[in-house]
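Notes for the one structure printed next.
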Amino acid sequence: MTSDSRIGPPLFGSERETLRAFLDYHRATLAMKCEGLSDEELRKRSMPPSTLSLLGLVRHMAEVERAWFRRVFQDHDAPMVWSDPVDFQAAYDADASTRREAFTAWEAEVQNPRRVEREAPSLDQAGHQPRWGEDVSLRTVMLHVLLEYARHNGHADFLREGVDGTVGA
């Protein structure tokens with residue numbers, strides 16, 4: 001990791017500002033964990049039989065962003081990026097993937113939730129989670145995705161250390 005250009009969440013702010021900032025902070029953390037690595041290094045797996053890799057995490061988080069924002073608030077039948085039907089595990093297999101392919105998809109998916117959140121009148125905006133058959137609030141979706149990033153950024157810490165020994169932030 002060459003630099004830490006992440007913007008930390010506010011110490012004081014509204015609920016919405018705080019959720020938005022923490023989500024963007026964790027998105028930036030995942031990108032930072034991948035900085036300076038080749039495609040081959042990004043594809044390095046954690047341990048057999050797992051297909052988990054940094055590139056796989058980026059692909060998985062593109063699927064998460066799509067499943068929790070596009071499919072909940074816009075198009076319940078939108079196809080996933082790397083699987084049909086919905087299979088979050090498929091994204092982890094990044095053996096044939098490249099940084100360009102994974103990050104292009106992930107960055108596109110990240111832009112959509114930012115727009116959804118920005119345009120929503122409140123965090124109580126309701127969407128429908130087709131996998132659950134239940135309505136959910138934007139607040140719940142943002143918290144769910146934030147928790148996904150937090151968990152997977154912990155994985156990214158270990159994966160990055162396994163690639164080149166880099167630890168920390």
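By convention in this document, the chains of the structure tokens carry letters A, B, ... by their order, each chain's residues are numbered from 1, and ligands are numbered from 1 in the order they are shown.
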All residues 10 Å or closer to A:Ala126, only C-alpha atoms, same chain fewer than 6 positions away omitted, as a PDB file with N, CA and C atoms, in the first residue's frame:
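As written to disk, selection.pdb reads:
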ATOM      1  N   VAL A  72     -32.656  -4.015  -4.696  1.00  0.00           N
ATOM      2  CA  VAL A  72     -33.620  -3.639  -3.655  1.00  0.00           C
ATOM      3  C   VAL A  72     -34.383  -2.371  -4.016  1.00  0.00           C
ATOM      4  N   PHE A  73     -33.692  -1.379  -4.581  1.00  0.00           N
ATOM      5  CA  PHE A  73     -34.325  -0.080  -4.811  1.00  0.00           C
ATOM      6  C   PHE A  73     -34.679   0.209  -6.262  1.00  0.00           C
ATOM      7  N   ALA A 120     -32.589   9.638  -2.042  1.00  0.00           N
ATOM      8  CA  ALA A 120     -33.622   9.183  -1.108  1.00  0.00           C
ATOM      9  C   ALA A 120     -34.020  10.314  -0.162  1.00  0.00           C
ATOM     10  N   ASP A 135     -39.710  -6.041   2.743  1.00  0.00           N
ATOM     11  CA  ASP A 135     -39.303  -4.653   2.557  1.00  0.00           C
ATOM     12  C   ASP A 135     -38.249  -4.306   3.593  1.00  0.00           C
ATOM     13  N   VAL A 136     -37.311  -3.457   3.209  1.00  0.00           N
ATOM     14  CA  VAL A 136     -36.230  -3.023   4.093  1.00  0.00           C
ATOM     15  C   VAL A 136     -36.008  -1.525   3.892  1.00  0.00           C
ATOM     16  N   SER A 137     -35.486  -0.877   4.921  1.00  0.00           N
ATOM     17  CA  SER A 137     -35.191   0.557   4.815  1.00  0.00           C
ATOM     18  C   SER A 137     -33.800   0.768   4.240  1.00  0.00           C
ATOM     19  N   LEU A 138     -33.594   1.943   3.681  1.00  0.00           N
ATOM     20  CA  LEU A 138     -32.265   2.334   3.210  1.00  0.00           C
ATOM     21  C   LEU A 138     -31.266   2.249   4.362  1.00  0.00           C
ATOM     22  N   ARG A 139     -31.675   2.637   5.556  1.00  0.00           N
ATOM     23  CA  ARG A 139     -30.827   2.560   6.745  1.00  0.00           C
ATOM     24  C   ARG A 139     -30.318   1.117   6.946  1.00  0.00           C
ATOM     25  N   THR A 140     -31.233   0.158   6.887  1.00  0.00           N
ATOM     26  CA  THR A 140     -30.866  -1.250   7.074  1.00  0.00           C
ATOM     27  C   THR A 140     -29.907  -1.711   5.986  1.00  0.00           C
ATOM     28  N   VAL A 141     -30.185  -1.312   4.762  1.00  0.00           N
ATOM     29  CA  VAL A 141     -29.317  -1.702   3.640  1.00  0.00           C
ATOM     30  C   VAL A 141     -27.921  -1.118   3.826  1.00  0.00           C
TER      31      VAL A 141
END
Members of chain A assigned strand (DSSP E) by DSSP, as a ChimeraX atom specification: /A:126-129,134-137
Check which residues of stretch 58-118 of chain A sit at most 9 Å from stretch 21-40 of chain A using only C-alpha atoms, and return one row each with the closest pair of atoms and their distance in Å to one decimal, ordered by chain and rising number, as a tab-separated table.
residue	atom	partner	partner_atom	distance
A:Val58	CA	A:Leu30	CA	7.4
A:Asp95	CA	A:Glu40	CA	8.8
A:Ser97	CA	A:Asp39	CA	7.9
A:Thr98	CA	A:Asp39	CA	5.5
A:Arg99	CA	A:Asp39	CA	5.8
A:Arg100	CA	A:Asp39	CA	8.9
A:Phe103	CA	A:Ala31	CA	8.7
A:Val110	CA	A:Arg27	CA	8.4
Would you save the residues from that selection as a compact mmCIF listing (two decimals), in the first residue's frame, using all heavy atoms?
# COMPACT_ATOMS: atom_id res chain seq x y z
N VAL A 58 -13.04 -7.98 -4.16
CA VAL A 58 -13.53 -6.84 -4.93
C VAL A 58 -14.74 -7.27 -5.77
O VAL A 58 -15.77 -6.58 -5.81
CB VAL A 58 -12.42 -6.24 -5.82
CG1 VAL A 58 -12.97 -5.18 -6.77
CG2 VAL A 58 -11.30 -5.67 -4.95
N ASP A 95 -9.83 -16.42 -10.77
CA ASP A 95 -8.68 -16.97 -11.49
C ASP A 95 -8.50 -16.36 -12.87
O ASP A 95 -7.37 -16.19 -13.34
CB ASP A 95 -8.80 -18.49 -11.62
CG ASP A 95 -8.48 -19.19 -10.32
OD1 ASP A 95 -7.97 -18.54 -9.37
OD2 ASP A 95 -8.75 -20.41 -10.23
N SER A 97 -9.82 -13.38 -13.75
CA SER A 97 -10.13 -11.96 -13.65
C SER A 97 -8.88 -11.10 -13.67
O SER A 97 -7.77 -11.56 -13.44
CB SER A 97 -10.91 -11.72 -12.35
OG SER A 97 -11.35 -10.39 -12.27
N THR A 98 -9.09 -9.83 -13.93
CA THR A 98 -8.01 -8.84 -13.89
C THR A 98 -8.44 -7.69 -12.99
O THR A 98 -9.64 -7.51 -12.72
CB THR A 98 -7.71 -8.27 -15.29
OG1 THR A 98 -8.87 -7.57 -15.75
CG2 THR A 98 -7.32 -9.38 -16.27
N ARG A 99 -7.47 -6.90 -12.58
CA ARG A 99 -7.78 -5.69 -11.81
C ARG A 99 -8.79 -4.83 -12.58
O ARG A 99 -9.77 -4.36 -12.03
CB ARG A 99 -6.50 -4.89 -11.55
CG ARG A 99 -6.77 -3.50 -10.96
CD ARG A 99 -5.52 -2.65 -10.92
NE ARG A 99 -4.54 -3.16 -10.02
CZ ARG A 99 -4.51 -2.92 -8.70
NH1 ARG A 99 -5.42 -2.15 -8.16
NH2 ARG A 99 -3.57 -3.44 -7.95
N ARG A 100 -8.52 -4.62 -13.86
CA ARG A 100 -9.39 -3.76 -14.68
C ARG A 100 -10.83 -4.27 -14.67
O ARG A 100 -11.76 -3.52 -14.45
CB ARG A 100 -8.87 -3.68 -16.11
CG ARG A 100 -9.78 -2.86 -17.02
CD ARG A 100 -9.29 -2.87 -18.44
NE ARG A 100 -8.03 -2.17 -18.54
CZ ARG A 100 -7.89 -0.97 -19.10
NH1 ARG A 100 -8.92 -0.38 -19.63
NH2 ARG A 100 -6.72 -0.41 -19.16
N PHE A 103 -12.31 -4.09 -10.86
CA PHE A 103 -12.48 -2.74 -10.34
C PHE A 103 -13.46 -1.92 -11.19
O PHE A 103 -14.18 -1.08 -10.65
CB PHE A 103 -11.14 -2.02 -10.19
CG PHE A 103 -10.50 -2.30 -8.86
CD1 PHE A 103 -9.70 -3.41 -8.68
CD2 PHE A 103 -10.72 -1.46 -7.78
CE1 PHE A 103 -9.12 -3.68 -7.44
CE2 PHE A 103 -10.15 -1.71 -6.54
CZ PHE A 103 -9.35 -2.83 -6.37
N VAL A 110 -20.58 0.81 -7.11
CA VAL A 110 -20.48 1.75 -5.99
C VAL A 110 -21.16 3.08 -6.33
O VAL A 110 -21.77 3.72 -5.47
CB VAL A 110 -19.01 1.95 -5.57
CG1 VAL A 110 -18.84 3.18 -4.69
CG2 VAL A 110 -18.48 0.70 -4.87
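Closest approach to A:Leu55 among A:Asp164, A:Asp4, A:Glu101, A:Glu107 is made by A:Glu101 (distances from only C-alpha atoms).
Within the 12 Å cut-off around A:Ala108, using only C-alpha atoms and omitting residues fewer than 2 positions from it on the same chain, the listed residues are Val58, Arg59, Met61, Ala62, Glu63, Glu65, Arg66, Arg70, Val81, Arg100, Glu101, Ala102, Phe103, Thr104, Ala105, Trp106, Val110, Gln111, Asn112, Pro113, Arg114 and Arg115 of chain A.
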Would you list the contacts of stretch 15-19 of chain A as a ChimeraX atom specification, taking every protein, DNA or RNA residue within 8 Å and counting only C-alpha atoms, but skipping same-chain residues closer than 3 positions in sequence? /A:9-10,12,22-23,123,142-143
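Nearest to A:Ala90 of all the residues A:Arg118, A:His155, A:Arg71, A:His60 is A:His60, based on only C-alpha atoms.
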Quick one: pick out all alpha helix (DSSP H) residues within stretch 5-166 of chain A from a backbone DSSP run and write them as a PyMOL selection string. chain A and resi 15-34+39-42+54-65+71-73+99-119+138-164
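Residues surrounding A:Val167 within 10 Å are Met1, Lys33, Asp157, Phe158, Leu159, Arg160, Glu161, Gly162 and Asp164 of chain A [only C-alpha atoms; sequence separation below 3 positions excluded].
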For the selection you just gave me, I'd like the residues written to a file as a PDB file, in the first residue's frame, keeping C-alpha atoms.
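The resulting out.pdb:
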ATOM      1  CA  MET A   1       0.000   0.000   0.000  1.00  0.00           C
ATOM      2  CA  LYS A  33      -5.576  -3.021   0.359  1.00  0.00           C
ATOM      3  CA  ASP A 157      -5.824  -7.474   5.909  1.00  0.00           C
ATOM      4  CA  PHE A 158      -4.743 -11.094   6.099  1.00  0.00           C
ATOM      5  CA  LEU A 159      -4.744 -11.592   2.336  1.00  0.00           C
ATOM      6  CA  ARG A 160      -2.529  -8.546   1.782  1.00  0.00           C
ATOM      7  CA  GLU A 161      -0.112  -9.685   4.476  1.00  0.00           C
ATOM      8  CA  GLY A 162       0.055 -13.081   2.757  1.00  0.00           C
ATOM      9  CA  ASP A 164       3.712  -9.115   0.378  1.00  0.00           C
TER      10      ASP A 164
END
Quick one: of A:Trp68, A:Pro79, A:Asn153, A:Asp93, who's nearest to A:Trp132, counting only C-alpha atoms? A:Trp68
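Note that atom CA of A:Ser5 and atom CA of A:Ser122 are 29.0 Å apart.
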Quick one: pull the distance between atom CA of A:Phe69 and atom CA of A:Gly8, Å, one decimal. 23.2 Å
